[in-house]
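Chemist: Shown below is the structure under consideration.
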Amino acid sequence: MAEKRGHSVDEIYRVLADRIINGTYMPGRKLSQSELANELDVSRTPLREALNRLQETGLVKATTNRGMEVSPVTFEETEQWYALRLLIEPPVVAAVTPQLTKKDLANMEQALHRMTRDAERTKDFQDAHHEFHEAVLVHYPDYIRDMIESIYVKIIRHQRIYFSRPRAPEEFCEVDRLFLDAAIAHDGEAAKHILEFHLIDAALGLVLDANPDYRPNALLMAAHGLGIQLECNGEQLARPARLSWLNGAVENVPAMRTANLVYEPVA
């Protein structure tokens with residue numbers, strides 16, 4: 001019997017994570033160790049370790065009498081990942097924006113160019129979008145950066161399964177251009193507020209396009225805690241929802257409008 005080729009745990013993990021994130025292995029798929037070992041031509045021991053690591057990241061889960069299977073993707077969970085990013089990330093961005101170098105800003109400019117060019121190719125667009133924000137993310141404290149990266153992977157997985165709104169890429173580019181302008185000016189407060197708008201817009205687009213009657217309670221709670229008001233009509237969040245900041249004046253933040261959200265500076 002031929003011996004399995006050697007593959008490191010990291011290599012196996014990356015292959016499986018990529019297949020799960022890209023939707024090759026859809027939610028609920030059973031991950032048989034024997035079948036995966038044959039399919040990937042790897043030994044069982046590093047495969048088992050890779051699966052355990054995937055379980056730690058939340059991409060797979062252990063089930064009674066079924067072994068490992070690909071974790072489900074739910075709108076409630078994804079909305080809460082966005083709510084966590086909203087609570088954690090913008091204040092960090094405000095602090096690190098003045099630290100951005102000319103190289104960081106050039107990398108962001110190049111990534112934004114690729115986002116615009118690849119707007120019709122979802123995976124290429126998302127890769128460029130990640131690189132755009134990665135230029136800032138590298139300045140985060142280690143544990144915060146790891147947490148945000150872990151959340152981002154889960155959001156990307158959801159987007160690659162459900163991302164279908166044709167104008168979302170163009171709107172992302174427009175808002176990210178404003179974010180880059182604030183970064184170039186080393187205006188951390190403006191960058192913070194633009195990122196808040198961006199995260200809320202992305203979350204609303206993802207969940208409400210699939211279910212217009214869905215009420216994003218976790219997102220609304222996080223926004224309220226940060227002094228951000230979203231216009232609601234009773235229990236319904238009508239789009240585009242008007243956004244305003246309640247905790248003092250917001251300076252140097254331009255008007256922003258998407259299919260989900262609108263902000264207009266107070267005259």
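Chains: A, B, ... in order of the structure tokens. Residues: from 1 per chain. Ligands: from 1, in order shown.
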Return as a ChimeraX atom specification the full set of residues in range 30-79 of chain A whose backbone-based DSSP assignment is strand (DSSP E or B).

Modeler: /A:30-31,60-63,67-70

Chemist: Within range 33-231 of chain A, find each residue whose DSSP state, derived from the backbone, is alpha helix (DSSP H), and express the selection as a ChimeraX atom specification.

Modeler: /A:33-40,44-57,75-96,102-117,122-137,142-162,168-184,188-210,217-225

Chemist: Between A:Glu77, A:Ile156, A:Leu246, A:His186, single out the one closest to Asp18 in chain A, counting only C-alpha atoms.

Modeler: A:Ile156

Chemist: Which of these residues is nearest to Asp127 in chain A, using only C-alpha atoms: A:Val153, A:Leu100, A:Ala95, A:Leu230?

Modeler: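 For Asp127 in chain A, the nearest of the candidates is A:Val153.
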
Chemist: Which residue out of A:Val253, A:Leu54, A:Ala111, A:Val266 has the minimum interatomic distance to Gly188 in chain A when only C-alpha atoms are used?

Modeler: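 Answer, going by the shortest atom-to-atom distance: A:Val253.
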
Chemist: Point out the residue among A:Ala17, A:Ala183, A:Ile148, A:Ala168 with the least atom-to-atom distance to Val96 in chain A, counting only C-alpha atoms.

Modeler: A:Ala183
